[in-house]
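**Student:** Mind having a look at this structure? Questions to follow.
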Amino acid sequence: MPRLTVLLPIYNEERDLAACLDRVLASTIPIEIIAVDDCSTDATPQILKRYADSRLKIFRHAQNCGKGGAVQTALQHATGDWCVIQDADTEYDPR
């Protein structure tokens, strides 16, 4: 069955990250989520650690590379047939 990869670039999104992840993980279609923490300095890493879901893969940059760098890292680990970018600030509704 085809699978969707959700690329999730993250930088200092402690305010909206949990809500975003909860919405994406509520998907009924087969997905994988590649979350890339782009060297956040807030509680983002701790929030990511709370999620124990096999569909979620988490990577962290040692230095900030920008959204483009985070997307490139996510693409390197994507295994789905299709990819979409989901901003962690929920600018786009994950549903």
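By convention here, the chains of the structure tokens are called A, B, ... in the order presented, each chain's residues are numbered starting at 1, and ligands are numbered starting at 1 in the order presented.
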When DSSP is applied to the backbone of this structure, which of range 4-95 of chain A are assigned strand (DSSP E or B)? Write them out as a list of chain:residue names.

**Tutor:**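 Residues meeting the strand (DSSP E or B) criterion: A:Leu4, A:Thr5, A:Val6, A:Leu7, A:Leu8, A:Pro9, A:Ile10, A:Ile31, A:Glu32, A:Ile33, A:Ile34, A:Ala35, A:Val36, A:Asp37, A:Leu56, A:Lys57, A:Ile58, A:Phe59, A:Arg60, A:Trp82, A:Cys83, A:Val84, A:Ile85.
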
**Student:** Generate a file of the selected residues that holds N, CA, C and O atoms, formatted as a CSV table (one decimal), in the first residue's frame.

**Tutor:**
chain,number,residue,atom,x,y,z
A,4,LEU,N,2.5,7.8,2.8
A,4,LEU,CA,2.8,9.2,2.8
A,4,LEU,C,3.9,9.5,3.9
A,4,LEU,O,3.8,9.0,5.0
A,5,THR,N,4.8,10.3,3.5
A,5,THR,CA,5.8,10.8,4.5
A,5,THR,C,5.5,12.2,4.8
A,5,THR,O,5.4,13.0,3.9
A,6,VAL,N,5.4,12.5,6.1
A,6,VAL,CA,5.2,13.9,6.5
A,6,VAL,C,6.5,14.4,7.0
A,6,VAL,O,7.1,13.9,7.9
A,7,LEU,N,7.0,15.4,6.3
A,7,LEU,CA,8.3,16.1,6.7
A,7,LEU,C,7.9,17.2,7.6
A,7,LEU,O,7.2,18.1,7.3
A,8,LEU,N,8.5,17.2,8.8
A,8,LEU,CA,8.2,18.1,9.9
A,8,LEU,C,9.4,18.9,10.3
A,8,LEU,O,10.1,18.5,11.3
A,9,PRO,N,9.7,20.0,9.7
A,9,PRO,CA,10.8,20.8,10.1
A,9,PRO,C,10.4,21.6,11.4
A,9,PRO,O,9.3,22.2,11.4
A,10,ILE,N,11.2,21.6,12.4
A,10,ILE,CA,10.8,22.3,13.7
A,10,ILE,C,11.9,23.2,14.2
A,10,ILE,O,13.1,22.8,14.2
A,31,ILE,N,1.1,6.5,7.3
A,31,ILE,CA,2.1,7.6,7.2
A,31,ILE,C,3.3,7.3,8.0
A,31,ILE,O,3.4,6.4,8.9
A,32,GLU,N,4.4,8.0,7.7
A,32,GLU,CA,5.5,8.1,8.6
A,32,GLU,C,5.8,9.6,8.7
A,32,GLU,O,5.5,10.4,7.8
A,33,ILE,N,6.3,10.0,9.9
A,33,ILE,CA,6.6,11.4,10.2
A,33,ILE,C,8.1,11.5,10.4
A,33,ILE,O,8.6,10.8,11.3
A,34,ILE,N,8.7,12.3,9.7
A,34,ILE,CA,10.2,12.6,9.9
A,34,ILE,C,10.3,14.0,10.5
A,34,ILE,O,10.1,15.0,9.8
A,35,ALA,N,10.5,14.0,11.8
A,35,ALA,CA,10.6,15.3,12.5
A,35,ALA,C,12.1,15.7,12.6
A,35,ALA,O,12.9,14.9,13.0
A,36,VAL,N,12.4,16.9,12.2
A,36,VAL,CA,13.8,17.4,12.3
A,36,VAL,C,13.8,18.7,13.2
A,36,VAL,O,13.2,19.7,12.8
A,37,ASP,N,14.3,18.5,14.4
A,37,ASP,CA,14.5,19.6,15.3
A,37,ASP,C,15.7,20.4,14.8
A,37,ASP,O,16.8,19.9,14.9
A,56,LEU,N,6.8,7.8,14.0
A,56,LEU,CA,7.6,9.1,14.2
A,56,LEU,C,9.1,8.8,14.3
A,56,LEU,O,9.5,8.0,15.2
A,57,LYS,N,9.8,9.4,13.4
A,57,LYS,CA,11.3,9.3,13.5
A,57,LYS,C,11.8,10.7,13.8
A,57,LYS,O,11.4,11.7,13.1
A,58,ILE,N,12.7,10.9,14.7
A,58,ILE,CA,13.1,12.2,15.2
A,58,ILE,C,14.6,12.4,14.9
A,58,ILE,O,15.4,11.5,15.3
A,59,PHE,N,15.0,13.5,14.4
A,59,PHE,CA,16.4,13.8,14.1
A,59,PHE,C,16.6,15.3,14.6
A,59,PHE,O,15.7,16.0,14.7
A,60,ARG,N,17.8,15.5,15.1
A,60,ARG,CA,18.1,16.9,15.6
A,60,ARG,C,19.4,17.4,15.0
A,60,ARG,O,20.4,16.7,15.0
A,82,TRP,N,5.1,9.3,-1.3
A,82,TRP,CA,4.8,10.8,-1.5
A,82,TRP,C,5.3,11.5,-0.2
A,82,TRP,O,5.3,10.9,0.9
A,83,CYS,N,5.6,12.7,-0.4
A,83,CYS,CA,6.1,13.5,0.8
A,83,CYS,C,5.3,14.9,0.8
A,83,CYS,O,5.0,15.4,-0.3
A,84,VAL,N,4.9,15.3,2.0
A,84,VAL,CA,4.4,16.6,2.2
A,84,VAL,C,5.1,17.3,3.3
A,84,VAL,O,5.6,16.6,4.2
A,85,ILE,N,5.1,18.6,3.3
A,85,ILE,CA,5.8,19.3,4.4
A,85,ILE,C,4.7,19.9,5.3
A,85,ILE,O,3.7,20.5,4.9

**Student:** Determine, counting only C-alpha atoms, which protein, DNA and RNA residues have an atom within 8 Å of an atom of Asn64 in chain A; residues of the same chain fewer than 4 positions away are not included. Present the result as a list in words.

**Tutor:** Asp38, Cys39 and Ser40 of chain A

**Student:** Would you export the selected residues with all heavy atoms as a PDB file, in the first residue's frame, please?

**Tutor:**
ATOM      1  N   ASP A  38      15.540  21.599  14.367  1.00  0.00           N
ATOM      2  CA  ASP A  38      16.634  22.383  13.801  1.00  0.00           C
ATOM      3  C   ASP A  38      17.354  23.195  14.877  1.00  0.00           C
ATOM      4  O   ASP A  38      17.439  24.404  14.799  1.00  0.00           O
ATOM      5  CB  ASP A  38      16.098  23.285  12.695  1.00  0.00           C
ATOM      6  CG  ASP A  38      17.181  23.847  11.806  1.00  0.00           C
ATOM      7  OD1 ASP A  38      18.235  23.203  11.675  1.00  0.00           O
ATOM      8  OD2 ASP A  38      16.967  24.939  11.239  1.00  0.00           O
ATOM      9  N   CYS A  39      17.835  22.476  15.915  1.00  0.00           N
ATOM     10  CA  CYS A  39      18.622  23.080  16.991  1.00  0.00           C
ATOM     11  C   CYS A  39      17.782  24.038  17.840  1.00  0.00           C
ATOM     12  O   CYS A  39      18.215  25.132  18.183  1.00  0.00           O
ATOM     13  CB  CYS A  39      19.869  23.762  16.435  1.00  0.00           C
ATOM     14  SG  CYS A  39      21.107  24.123  17.691  1.00  0.00           S
ATOM     15  N   SER A  40      16.583  23.611  18.194  1.00  0.00           N
ATOM     16  CA  SER A  40      15.710  24.441  19.028  1.00  0.00           C
ATOM     17  C   SER A  40      16.341  24.709  20.384  1.00  0.00           C
ATOM     18  O   SER A  40      17.060  23.870  20.927  1.00  0.00           O
ATOM     19  CB  SER A  40      14.357  23.740  19.241  1.00  0.00           C
ATOM     20  OG  SER A  40      13.647  23.649  18.027  1.00  0.00           O
TER      21      SER A  40
END

**Student:** Which of these, A:Asp22, A:Asp87, A:Asp81, A:Glu14, has the shortest distance to Asp53 in chain A once you count only C-alpha atoms?

**Tutor:**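 Of all the options, A:Asp22 lies closest to Asp53 in chain A.
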
**Student:** Determine which residues of range 1-60 of chain A DSSP labels as alpha helix (DSSP H) from the backbone of this structure, then write them out as a VMD selection string.

**Tutor:** chain A and resid 17 to 25 44 to 49

**Student:** I'd like the interatomic distance between CA of Gln86 in chain A and CA of Ala62 in chain A, to a tenth of an Å.

**Tutor:**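 We find that CA of Gln86 in chain A and CA of Ala62 in chain A lie 21.5 Å from each other.
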
**Student:** So what do you get for CA of Gly80 in chain A versus CA of Pro30 in chain A, distance-wise?

**Tutor:**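 We find that CA of Gly80 in chain A and CA of Pro30 in chain A lie 9.3 Å from each other.
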
**Student:** One decimal, Å: what's the distance from CA of Thr90 in chain A over to CA of Ala19 in chain A, could you say?

**Tutor:** 8.3 Å

**Student:** When distances are computed from only C-alpha atoms, which of A:Arg23, A:Gln76, A:Ala18, A:Lys67 shows the smallest separation from Arg50 in chain A?

**Tutor:**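 Of all the options, A:Ala18 lies closest to Arg50 in chain A.
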
**Student:** Identify which of the residues A:Thr41, A:Thr28, A:Gln46, A:Thr79 lies closest to Gln63 in chain A, counting only C-alpha atoms when measuring atom-to-atom distances.

**Tutor:**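 Of A:Thr41, A:Thr28, A:Gln46, A:Thr79, the one nearest Gln63 in chain A is A:Thr41, counting only C-alpha atoms.
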